[in-house]
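Containing mmCIF, N, CA and C atoms: model_18.cif.
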```cif
data_final
#
loop_
_atom_site.label_atom_id
_atom_site.label_comp_id
_atom_site.auth_asym_id
_atom_site.auth_seq_id
_atom_site.Cartn_x
_atom_site.Cartn_y
_atom_site.Cartn_z
N ASN E 1 0.81 -1.21 0.00
CA ASN E 1 0.00 0.00 0.00
C ASN E 1 0.85 1.27 0.00
N SER E 2 2.14 1.13 0.03
CA SER E 2 3.01 2.30 0.06
C SER E 2 3.24 2.89 -1.33
N ASN E 3 2.72 2.20 -2.36
CA ASN E 3 2.83 2.67 -3.74
C ASN E 3 4.27 2.77 -4.22
N VAL E 4 5.13 1.89 -3.74
CA VAL E 4 6.51 1.81 -4.24
C VAL E 4 6.47 0.92 -5.47
N THR E 5 7.06 1.41 -6.55
CA THR E 5 7.03 0.66 -7.80
C THR E 5 8.45 0.37 -8.29
N PRO E 6 8.61 -0.63 -9.16
CA PRO E 6 9.93 -0.88 -9.75
C PRO E 6 10.47 0.36 -10.47
N GLN E 7 9.57 1.11 -11.08
CA GLN E 7 9.99 2.32 -11.78
C GLN E 7 10.63 3.33 -10.81
N GLN E 8 10.06 3.45 -9.63
CA GLN E 8 10.63 4.37 -8.64
C GLN E 8 12.03 3.92 -8.22
N ILE E 9 12.22 2.62 -8.13
CA ILE E 9 13.54 2.11 -7.76
C ILE E 9 14.57 2.50 -8.82
N VAL E 10 14.18 2.35 -10.09
CA VAL E 10 15.09 2.73 -11.18
C VAL E 10 15.37 4.23 -11.13
N ARG E 11 14.34 5.04 -10.88
CA ARG E 11 14.54 6.49 -10.79
C ARG E 11 15.49 6.84 -9.65
N LEU E 12 15.31 6.16 -8.51
CA LEU E 12 16.15 6.44 -7.34
C LEU E 12 17.59 5.97 -7.53
N ALA E 13 17.80 5.04 -8.45
CA ALA E 13 19.15 4.52 -8.68
C ALA E 13 20.05 5.53 -9.38
N GLY E 14 19.47 6.61 -9.87
CA GLY E 14 20.26 7.66 -10.50
C GLY E 14 21.07 7.13 -11.67
N PRO E 15 22.38 7.39 -11.69
CA PRO E 15 23.20 6.97 -12.82
C PRO E 15 23.33 5.46 -12.96
N LYS E 16 22.96 4.71 -11.93
CA LYS E 16 23.00 3.24 -12.00
C LYS E 16 21.72 2.67 -12.63
N GLY E 17 20.72 3.54 -12.86
CA GLY E 17 19.44 3.10 -13.42
C GLY E 17 19.56 2.38 -14.75
N PRO E 18 20.28 2.95 -15.73
CA PRO E 18 20.41 2.25 -17.01
C PRO E 18 21.01 0.85 -16.87
N GLU E 19 21.97 0.72 -15.97
CA GLU E 19 22.59 -0.59 -15.74
C GLU E 19 21.59 -1.58 -15.16
N LEU E 20 20.74 -1.13 -14.23
CA LEU E 20 19.70 -2.00 -13.65
C LEU E 20 18.76 -2.52 -14.74
N VAL E 21 18.30 -1.61 -15.59
CA VAL E 21 17.37 -2.00 -16.66
C VAL E 21 18.06 -2.93 -17.65
N ASN E 22 19.29 -2.61 -18.02
CA ASN E 22 20.04 -3.44 -18.96
C ASN E 22 20.22 -4.86 -18.40
N ASN E 23 20.58 -4.97 -17.14
CA ASN E 23 20.75 -6.29 -16.53
C ASN E 23 19.43 -7.06 -16.47
N ALA E 24 18.35 -6.36 -16.17
CA ALA E 24 17.03 -7.01 -16.11
C ALA E 24 16.64 -7.55 -17.49
N ILE E 25 16.90 -6.78 -18.54
CA ILE E 25 16.59 -7.21 -19.90
C ILE E 25 17.42 -8.43 -20.27
N LYS E 26 18.71 -8.40 -19.94
CA LYS E 26 19.59 -9.54 -20.26
C LYS E 26 19.13 -10.81 -19.55
N MET E 27 18.72 -10.68 -18.28
CA MET E 27 18.27 -11.85 -17.52
C MET E 27 16.93 -12.36 -18.04
N ARG E 28 16.00 -11.45 -18.29
CA ARG E 28 14.64 -11.85 -18.68
C ARG E 28 14.60 -12.46 -20.08
N PHE E 29 15.36 -11.90 -20.99
CA PHE E 29 15.30 -12.34 -22.39
C PHE E 29 16.62 -12.95 -22.85
N ARG E 30 17.26 -13.67 -21.96
CA ARG E 30 18.56 -14.28 -22.21
C ARG E 30 18.59 -15.03 -23.54
N GLY E 31 19.42 -14.56 -24.46
CA GLY E 31 19.59 -15.23 -25.74
C GLY E 31 18.48 -15.02 -26.75
N LYS E 32 17.44 -14.31 -26.38
CA LYS E 32 16.29 -14.11 -27.27
C LYS E 32 16.58 -13.06 -28.34
N PHE E 33 17.38 -12.06 -27.98
CA PHE E 33 17.67 -10.95 -28.89
C PHE E 33 19.17 -10.79 -29.06
N SER E 34 19.56 -10.17 -30.16
CA SER E 34 20.97 -9.86 -30.36
C SER E 34 21.38 -8.82 -29.32
N ASP E 35 22.69 -8.64 -29.13
CA ASP E 35 23.16 -7.63 -28.17
C ASP E 35 22.63 -6.25 -28.53
N GLN E 36 22.63 -5.94 -29.82
CA GLN E 36 22.15 -4.62 -30.26
C GLN E 36 20.65 -4.45 -29.96
N GLU E 37 19.85 -5.49 -30.22
CA GLU E 37 18.41 -5.42 -29.94
C GLU E 37 18.16 -5.28 -28.44
N ALA E 38 18.90 -6.03 -27.64
CA ALA E 38 18.73 -5.96 -26.18
C ALA E 38 19.12 -4.58 -25.67
N GLU E 39 20.18 -4.01 -26.21
CA GLU E 39 20.61 -2.67 -25.80
C GLU E 39 19.56 -1.61 -26.18
N LEU E 40 19.01 -1.71 -27.37
CA LEU E 40 17.96 -0.77 -27.79
C LEU E 40 16.72 -0.89 -26.90
N MET E 41 16.34 -2.13 -26.59
CA MET E 41 15.19 -2.34 -25.72
C MET E 41 15.45 -1.77 -24.33
N ALA E 42 16.64 -1.99 -23.81
CA ALA E 42 16.99 -1.48 -22.48
C ALA E 42 16.95 0.05 -22.46
N LYS E 43 17.48 0.67 -23.51
CA LYS E 43 17.46 2.15 -23.57
C LYS E 43 16.02 2.66 -23.61
N TYR E 44 15.18 2.02 -24.43
CA TYR E 44 13.78 2.41 -24.53
C TYR E 44 13.08 2.25 -23.18
N LEU E 45 13.24 1.08 -22.57
CA LEU E 45 12.59 0.83 -21.28
C LEU E 45 13.09 1.77 -20.20
N TYR E 46 14.37 2.10 -20.23
CA TYR E 46 14.89 3.05 -19.25
C TYR E 46 14.20 4.41 -19.41
N GLN E 47 14.06 4.86 -20.65
CA GLN E 47 13.43 6.16 -20.90
C GLN E 47 11.98 6.19 -20.43
N ILE E 48 11.21 5.15 -20.73
CA ILE E 48 9.80 5.17 -20.30
C ILE E 48 9.67 4.90 -18.80
N THR E 49 10.64 4.19 -18.23
CA THR E 49 10.61 3.91 -16.80
C THR E 49 10.90 5.15 -15.97
N THR E 50 11.76 6.00 -16.48
CA THR E 50 12.14 7.19 -15.69
C THR E 50 11.23 8.38 -15.98
N ALA E 51 10.27 8.23 -16.87
CA ALA E 51 9.29 9.30 -17.12
C ALA E 51 8.45 9.48 -15.85
N PRO E 52 7.77 10.62 -15.72
CA PRO E 52 6.92 10.81 -14.53
C PRO E 52 5.91 9.67 -14.36
N ALA E 53 5.65 9.31 -13.12
CA ALA E 53 4.74 8.21 -12.80
C ALA E 53 3.35 8.47 -13.35
N SER E 54 2.73 7.41 -13.87
CA SER E 54 1.35 7.52 -14.32
C SER E 54 0.67 6.17 -14.11
N MET E 55 0.69 5.31 -15.13
CA MET E 55 0.00 4.03 -15.05
C MET E 55 0.52 3.15 -13.92
N GLU E 56 1.79 3.27 -13.59
CA GLU E 56 2.33 2.43 -12.53
C GLU E 56 1.60 2.65 -11.21
N ILE E 57 1.17 3.88 -10.94
CA ILE E 57 0.43 4.18 -9.72
C ILE E 57 -0.96 3.54 -9.80
N SER E 58 -1.58 3.59 -10.97
CA SER E 58 -2.88 2.96 -11.16
C SER E 58 -2.79 1.45 -10.95
N LEU E 59 -1.74 0.85 -11.50
CA LEU E 59 -1.58 -0.60 -11.33
C LEU E 59 -1.45 -0.98 -9.87
N ASN E 60 -0.78 -0.15 -9.09
CA ASN E 60 -0.67 -0.45 -7.66
C ASN E 60 -2.02 -0.40 -6.96
N SER E 61 -2.95 0.37 -7.49
CA SER E 61 -4.28 0.40 -6.86
C SER E 61 -5.11 -0.81 -7.28
N LEU E 62 -4.74 -1.47 -8.38
CA LEU E 62 -5.47 -2.64 -8.86
C LEU E 62 -4.85 -3.96 -8.42
N LEU E 63 -3.54 -3.97 -8.21
CA LEU E 63 -2.82 -5.20 -7.90
C LEU E 63 -2.17 -5.13 -6.54
N ILE E 64 -2.03 -6.28 -5.92
CA ILE E 64 -1.36 -6.36 -4.62
C ILE E 64 -0.15 -7.28 -4.76
N PRO E 65 1.03 -6.81 -4.35
CA PRO E 65 2.23 -7.67 -4.46
C PRO E 65 2.19 -8.78 -3.42
N ILE E 66 2.70 -9.93 -3.78
CA ILE E 66 2.79 -11.05 -2.85
C ILE E 66 4.17 -11.68 -2.93
N ILE E 67 4.60 -12.23 -1.83
CA ILE E 67 5.84 -12.99 -1.77
C ILE E 67 5.53 -14.26 -1.01
N THR E 68 5.95 -15.40 -1.54
CA THR E 68 5.66 -16.66 -0.86
C THR E 68 6.40 -16.71 0.48
N LYS E 69 5.90 -17.54 1.38
CA LYS E 69 6.49 -17.64 2.72
C LYS E 69 7.97 -18.03 2.66
N ASP E 70 8.33 -18.85 1.68
CA ASP E 70 9.73 -19.26 1.56
C ASP E 70 10.58 -18.20 0.85
N LYS E 71 9.93 -17.12 0.42
CA LYS E 71 10.59 -15.97 -0.24
C LYS E 71 11.30 -16.36 -1.53
N LYS E 72 10.85 -17.47 -2.15
CA LYS E 72 11.46 -17.90 -3.40
C LYS E 72 10.67 -17.42 -4.61
N SER E 73 9.49 -16.90 -4.38
CA SER E 73 8.65 -16.48 -5.50
C SER E 73 7.90 -15.21 -5.12
N ALA E 74 7.73 -14.35 -6.11
CA ALA E 74 6.99 -13.11 -5.89
C ALA E 74 6.14 -12.85 -7.11
N GLY E 75 5.11 -12.07 -6.93
CA GLY E 75 4.23 -11.72 -8.04
C GLY E 75 3.17 -10.75 -7.56
N VAL E 76 2.10 -10.68 -8.31
CA VAL E 76 0.98 -9.81 -7.94
C VAL E 76 -0.33 -10.54 -8.15
N PHE E 77 -1.33 -10.14 -7.40
CA PHE E 77 -2.69 -10.62 -7.57
C PHE E 77 -3.61 -9.43 -7.62
N ALA E 78 -4.75 -9.62 -8.28
CA ALA E 78 -5.74 -8.55 -8.36
C ALA E 78 -6.33 -8.29 -6.98
N ARG E 79 -6.49 -7.03 -6.65
CA ARG E 79 -7.15 -6.69 -5.39
C ARG E 79 -8.62 -7.11 -5.43
N GLN E 80 -9.22 -7.03 -6.62
CA GLN E 80 -10.59 -7.50 -6.82
C GLN E 80 -10.62 -8.26 -8.14
N ALA E 81 -10.95 -9.53 -8.09
CA ALA E 81 -10.91 -10.38 -9.29
C ALA E 81 -11.81 -9.83 -10.39
N LEU E 82 -11.34 -9.92 -11.60
CA LEU E 82 -12.06 -9.39 -12.76
C LEU E 82 -13.09 -10.36 -13.31
N GLY E 83 -12.94 -11.64 -13.01
CA GLY E 83 -13.75 -12.68 -13.63
C GLY E 83 -15.23 -12.42 -13.71
N LEU E 84 -15.87 -12.16 -12.61
CA LEU E 84 -17.33 -11.97 -12.62
C LEU E 84 -17.73 -10.70 -13.35
N ARG E 85 -17.06 -9.61 -13.06
CA ARG E 85 -17.40 -8.34 -13.70
C ARG E 85 -17.16 -8.40 -15.20
N PHE E 86 -16.05 -8.98 -15.61
CA PHE E 86 -15.73 -9.07 -17.03
C PHE E 86 -16.77 -9.89 -17.77
N GLY E 87 -17.14 -11.04 -17.20
CA GLY E 87 -18.16 -11.89 -17.82
C GLY E 87 -19.47 -11.15 -18.00
N ASP E 88 -19.91 -10.41 -17.00
CA ASP E 88 -21.15 -9.65 -17.11
C ASP E 88 -21.07 -8.59 -18.19
N ILE E 89 -19.95 -7.88 -18.25
CA ILE E 89 -19.76 -6.84 -19.26
C ILE E 89 -19.77 -7.45 -20.66
N MET E 90 -19.05 -8.55 -20.83
CA MET E 90 -18.96 -9.18 -22.15
C MET E 90 -20.31 -9.74 -22.59
N LYS E 91 -21.06 -10.31 -21.68
CA LYS E 91 -22.38 -10.86 -22.02
C LYS E 91 -23.32 -9.74 -22.44
N LYS E 92 -23.26 -8.63 -21.73
CA LYS E 92 -24.12 -7.48 -22.02
C LYS E 92 -23.80 -6.88 -23.38
N ASN E 93 -22.52 -6.78 -23.72
CA ASN E 93 -22.09 -6.12 -24.95
C ASN E 93 -21.83 -7.06 -26.11
N ASN E 94 -21.73 -8.37 -25.85
CA ASN E 94 -21.54 -9.38 -26.88
C ASN E 94 -20.37 -9.06 -27.82
N VAL E 95 -19.22 -8.72 -27.25
CA VAL E 95 -18.03 -8.39 -28.03
C VAL E 95 -17.16 -9.64 -28.16
N PRO E 96 -16.85 -10.06 -29.39
CA PRO E 96 -15.95 -11.22 -29.54
C PRO E 96 -14.60 -10.92 -28.89
N THR E 97 -14.12 -11.85 -28.07
CA THR E 97 -12.90 -11.62 -27.30
C THR E 97 -12.03 -12.87 -27.32
N LEU E 98 -10.73 -12.67 -27.50
CA LEU E 98 -9.75 -13.75 -27.43
C LEU E 98 -8.80 -13.45 -26.28
N LEU E 99 -8.75 -14.34 -25.30
CA LEU E 99 -7.81 -14.23 -24.19
C LEU E 99 -6.58 -15.06 -24.54
N LEU E 100 -5.42 -14.43 -24.55
CA LEU E 100 -4.18 -15.13 -24.86
C LEU E 100 -3.27 -15.16 -23.63
N PHE E 101 -2.69 -16.32 -23.39
CA PHE E 101 -1.73 -16.49 -22.31
C PHE E 101 -0.51 -17.20 -22.89
N GLY E 102 0.66 -16.89 -22.34
CA GLY E 102 1.84 -17.68 -22.66
C GLY E 102 1.74 -19.00 -21.91
N ASP E 103 2.35 -20.06 -22.44
CA ASP E 103 2.27 -21.35 -21.75
C ASP E 103 3.05 -21.35 -20.43
N ASN E 104 3.85 -20.30 -20.19
CA ASN E 104 4.54 -20.12 -18.91
C ASN E 104 4.19 -18.77 -18.30
N ASP E 105 2.97 -18.31 -18.53
CA ASP E 105 2.51 -16.99 -18.09
C ASP E 105 2.21 -17.00 -16.60
N TRP E 106 2.83 -16.09 -15.85
CA TRP E 106 2.59 -16.03 -14.40
C TRP E 106 1.16 -15.58 -14.09
N MET E 107 0.47 -14.98 -15.05
CA MET E 107 -0.90 -14.53 -14.82
C MET E 107 -1.91 -15.67 -14.94
N TYR E 108 -1.53 -16.76 -15.59
CA TYR E 108 -2.47 -17.86 -15.77
C TYR E 108 -2.45 -18.75 -14.54
N LYS E 109 -3.59 -18.90 -13.93
CA LYS E 109 -3.77 -19.77 -12.76
C LYS E 109 -4.91 -20.73 -13.07
N ASP E 110 -5.04 -21.78 -12.28
CA ASP E 110 -6.15 -22.72 -12.47
C ASP E 110 -7.49 -22.00 -12.38
N SER E 111 -7.55 -20.95 -11.59
CA SER E 111 -8.81 -20.21 -11.45
C SER E 111 -9.23 -19.55 -12.75
N VAL E 112 -8.27 -19.25 -13.64
CA VAL E 112 -8.61 -18.67 -14.95
C VAL E 112 -9.40 -19.68 -15.76
N ALA E 113 -8.93 -20.92 -15.80
CA ALA E 113 -9.63 -21.97 -16.54
C ALA E 113 -11.04 -22.18 -15.98
N GLU E 114 -11.15 -22.17 -14.68
CA GLU E 114 -12.47 -22.35 -14.03
C GLU E 114 -13.40 -21.19 -14.35
N THR E 115 -12.88 -19.98 -14.30
CA THR E 115 -13.68 -18.80 -14.64
C THR E 115 -14.14 -18.87 -16.08
N PHE E 116 -13.25 -19.28 -16.98
CA PHE E 116 -13.59 -19.40 -18.40
C PHE E 116 -14.70 -20.42 -18.59
N LYS E 117 -14.60 -21.57 -17.92
CA LYS E 117 -15.66 -22.60 -18.01
C LYS E 117 -16.99 -22.05 -17.51
N ASN E 118 -16.94 -21.29 -16.43
CA ASN E 118 -18.18 -20.69 -15.89
C ASN E 118 -18.80 -19.72 -16.88
N TRP E 119 -17.98 -18.93 -17.54
CA TRP E 119 -18.50 -18.00 -18.56
C TRP E 119 -19.24 -18.78 -19.64
N LYS E 120 -18.62 -19.85 -20.12
CA LYS E 120 -19.23 -20.66 -21.19
C LYS E 120 -20.55 -21.28 -20.69
N ARG E 121 -20.55 -21.81 -19.47
CA ARG E 121 -21.77 -22.41 -18.91
C ARG E 121 -22.89 -21.38 -18.77
N ASN E 122 -22.51 -20.14 -18.52
CA ASN E 122 -23.50 -19.07 -18.32
C ASN E 122 -23.85 -18.34 -19.61
N GLY E 123 -23.49 -18.91 -20.75
CA GLY E 123 -23.93 -18.35 -22.02
C GLY E 123 -23.00 -17.35 -22.67
N LEU E 124 -21.82 -17.16 -22.13
CA LEU E 124 -20.87 -16.23 -22.75
C LEU E 124 -20.07 -17.03 -23.79
N LEU E 125 -20.61 -17.07 -24.98
CA LEU E 125 -20.05 -17.94 -26.01
C LEU E 125 -19.10 -17.21 -26.96
N ASN E 126 -19.02 -15.90 -26.85
CA ASN E 126 -18.20 -15.09 -27.76
C ASN E 126 -16.78 -14.87 -27.23
N VAL E 127 -16.36 -15.66 -26.26
CA VAL E 127 -15.02 -15.52 -25.68
C VAL E 127 -14.26 -16.83 -25.90
N GLU E 128 -13.06 -16.70 -26.40
CA GLU E 128 -12.19 -17.85 -26.60
C GLU E 128 -10.89 -17.63 -25.83
N MET E 129 -10.21 -18.73 -25.50
CA MET E 129 -8.94 -18.65 -24.80
C MET E 129 -7.95 -19.54 -25.53
N ASP E 130 -6.72 -19.05 -25.66
CA ASP E 130 -5.68 -19.83 -26.32
C ASP E 130 -4.34 -19.54 -25.65
N PHE E 131 -3.37 -20.39 -25.95
CA PHE E 131 -2.04 -20.27 -25.37
C PHE E 131 -1.00 -20.13 -26.47
N ILE E 132 0.01 -19.32 -26.22
CA ILE E 132 1.15 -19.18 -27.10
C ILE E 132 2.29 -20.00 -26.50
N GLY E 133 2.84 -20.92 -27.28
CA GLY E 133 3.91 -21.78 -26.79
C GLY E 133 5.21 -21.02 -26.58
N ASN E 134 6.03 -21.54 -25.70
CA ASN E 134 7.36 -20.96 -25.41
C ASN E 134 7.27 -19.48 -25.08
N ALA E 135 6.29 -19.11 -24.26
CA ALA E 135 6.10 -17.71 -23.91
C ALA E 135 5.67 -17.56 -22.46
N GLY E 136 6.12 -16.47 -21.88
CA GLY E 136 5.66 -16.09 -20.55
C GLY E 136 4.57 -15.04 -20.69
N HIS E 137 4.56 -14.08 -19.78
CA HIS E 137 3.53 -13.04 -19.80
C HIS E 137 3.68 -12.11 -21.01
N HIS E 138 4.89 -11.85 -21.41
CA HIS E 138 5.14 -10.99 -22.57
C HIS E 138 5.21 -11.86 -23.82
N LEU E 139 4.11 -12.51 -24.13
CA LEU E 139 4.09 -13.48 -25.21
C LEU E 139 4.40 -12.88 -26.57
N TYR E 140 4.09 -11.62 -26.77
CA TYR E 140 4.39 -10.93 -28.04
C TYR E 140 5.89 -10.77 -28.24
N LEU E 141 6.67 -10.78 -27.16
CA LEU E 141 8.14 -10.73 -27.26
C LEU E 141 8.74 -12.13 -27.22
N ASP E 142 8.20 -12.96 -26.35
CA ASP E 142 8.77 -14.29 -26.16
C ASP E 142 8.61 -15.18 -27.39
N ASN E 143 7.48 -15.05 -28.07
CA ASN E 143 7.23 -15.87 -29.25
C ASN E 143 6.42 -15.05 -30.26
N SER E 144 7.08 -14.05 -30.84
CA SER E 144 6.39 -13.13 -31.74
C SER E 144 5.86 -13.83 -32.99
N ASN E 145 6.55 -14.87 -33.46
CA ASN E 145 6.07 -15.56 -34.66
C ASN E 145 4.69 -16.19 -34.43
N GLU E 146 4.55 -16.95 -33.36
CA GLU E 146 3.26 -17.58 -33.08
C GLU E 146 2.22 -16.53 -32.70
N PHE E 147 2.62 -15.51 -31.95
CA PHE E 147 1.69 -14.46 -31.54
C PHE E 147 1.09 -13.75 -32.76
N ASN E 148 1.87 -13.54 -33.79
CA ASN E 148 1.41 -12.79 -34.96
C ASN E 148 0.65 -13.64 -35.99
N GLN E 149 0.49 -14.92 -35.73
CA GLN E 149 -0.27 -15.77 -36.68
C GLN E 149 -1.75 -15.56 -36.55
#
```
Go ahead and render the structure in this file as C-alpha cells.
Amino acid sequence: NSNVTPQQIVRLAGPKGPELVNNAIKMRFRGKFSDQEAELMAKYLYQITTAPASMEISLNSLLIPIITKDKKSAGVFARQALGLRFGDIMKKNNVPTLLLFGDNDWMYKDSVAETFKNWKRNGLLNVEMDFIGNAGHHLYLDNSNEFNQ
C-alpha cells in the first residue's frame, strides 16, 4: 500500500538506473535478442521507466504484491478479481474476445480456466482462450512468430 514501484527504484538509482534495466533485460530475455536489440530495448525501457509516474500508480491500486512464505517467489494478484465483472460486461455487450496467455505466463492460474468454463456455462459464447507456446507473460516478445499468426 506504500505505492513503491519498480519504476521508482530505477529512478532512485540515478546513474545506476540504465545498468539496472540493462541487466534485467539480459536476464529476462537471455539469448532471445541480439546484443544490439537488447541494448535498444533497455534504452527504450529506461526512458519510459524514468518518465513521470502515471499508469504504474494505477496498477498499484489494482494489484497487490505477494511474496511466498519461503521468499522464493513473488508476483501480484488482483485486489478484486475481474472474472465476474468481465463476464457480465462481455455478455451485455456481446463483443468477440480472445484471451491469450503464454504457456509459462505467471498470470495464468487454475482459477482462470475455471472462470472461463463458468463463462461458457453461463452463455458467454463469444469468448475464446488460447495459449502461445514458449512464452511467458510478454508473449508478443517471447514468441512473436506464433503471436502474430
Tell me which protein, DNA and RNA residues are within 7 Å of Lys91 (chain E), counting all atoms listed in the file, leaving out same-chain ones fewer than 4 positions away, and put them as a list in words.
Phe86, Gly87, Val95, Gly123 and Leu124 of chain E
Can you write just those residues out, N, CA and C atoms, as an mmCIF file, in the frame of the given file?
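So again_38.cif came out as:
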```
data_model
loop_
_atom_site.group_PDB
_atom_site.id
_atom_site.type_symbol
_atom_site.label_atom_id
_atom_site.label_comp_id
_atom_site.auth_asym_id
_atom_site.auth_seq_id
_atom_site.Cartn_x
_atom_site.Cartn_y
_atom_site.Cartn_z
ATOM 1 N N PHE E 86 -16.050 -8.980 -15.610
ATOM 2 C CA PHE E 86 -15.730 -9.070 -17.030
ATOM 3 C C PHE E 86 -16.770 -9.890 -17.770
ATOM 4 N N GLY E 87 -17.140 -11.040 -17.200
ATOM 5 C CA GLY E 87 -18.160 -11.890 -17.820
ATOM 6 C C GLY E 87 -19.470 -11.150 -18.000
ATOM 7 N N VAL E 95 -19.220 -8.720 -27.250
ATOM 8 C CA VAL E 95 -18.030 -8.390 -28.030
ATOM 9 C C VAL E 95 -17.160 -9.640 -28.160
ATOM 10 N N GLY E 123 -23.490 -18.910 -20.750
ATOM 11 C CA GLY E 123 -23.930 -18.350 -22.020
ATOM 12 C C GLY E 123 -23.000 -17.350 -22.670
ATOM 13 N N LEU E 124 -21.820 -17.160 -22.130
ATOM 14 C CA LEU E 124 -20.870 -16.230 -22.750
ATOM 15 C C LEU E 124 -20.070 -17.030 -23.790
#
```
How would you write, as a count of residues only, the set of residues in region 46-81 of chain E that DSSP gives as strand (DSSP E)?
10
Taking all atoms of region 59-72 of chain E that the file lists and extending 4 Å past them on each side, where is the centre of the axis-aligned box and how long are its edges? Answer in Å to one decimal, as JSON.
```
{"center_x": 3.0, "center_y": -9.2, "center_z": -4.4, "size_x": 24.9, "size_y": 28.1, "size_z": 22.2}
```
Which residues, named as in the file, does the PyMOL selection byres (((chain E and resi 141 and name CA) around 12) and name CA) pick out? Answer as a ChimeraX atom specification.
/E:25,28-29,32-33,37-38,41,102,132-140,142-148
Quick one: distance from atom C of Ala51 (chain E) to CA of Asn22 (chain E) in Å, one decimal?
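CA of Asn22 (chain E) lies 17.6 Å from atom C of Ala51 (chain E).
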Distance table requested - region 43-143 of chain E against region 6-15 of chain E, cut-off 8 Å, only C-alpha atoms: one row per qualifying residue with the closest atom pair and its distance in Å to one decimal, ordered by chain and rising residue number, as JSON lines.
```
{"residue": "E:Thr49", "atom": "CA", "partner": "E:Gln7", "partner_atom": "CA", "distance": 5.3}
{"residue": "E:Thr50", "atom": "CA", "partner": "E:Arg11", "partner_atom": "CA", "distance": 5.5}
{"residue": "E:Ala53", "atom": "CA", "partner": "E:Gln7", "partner_atom": "CA", "distance": 8.0}
{"residue": "E:Glu56", "atom": "CA", "partner": "E:Gln7", "partner_atom": "CA", "distance": 7.7}
```
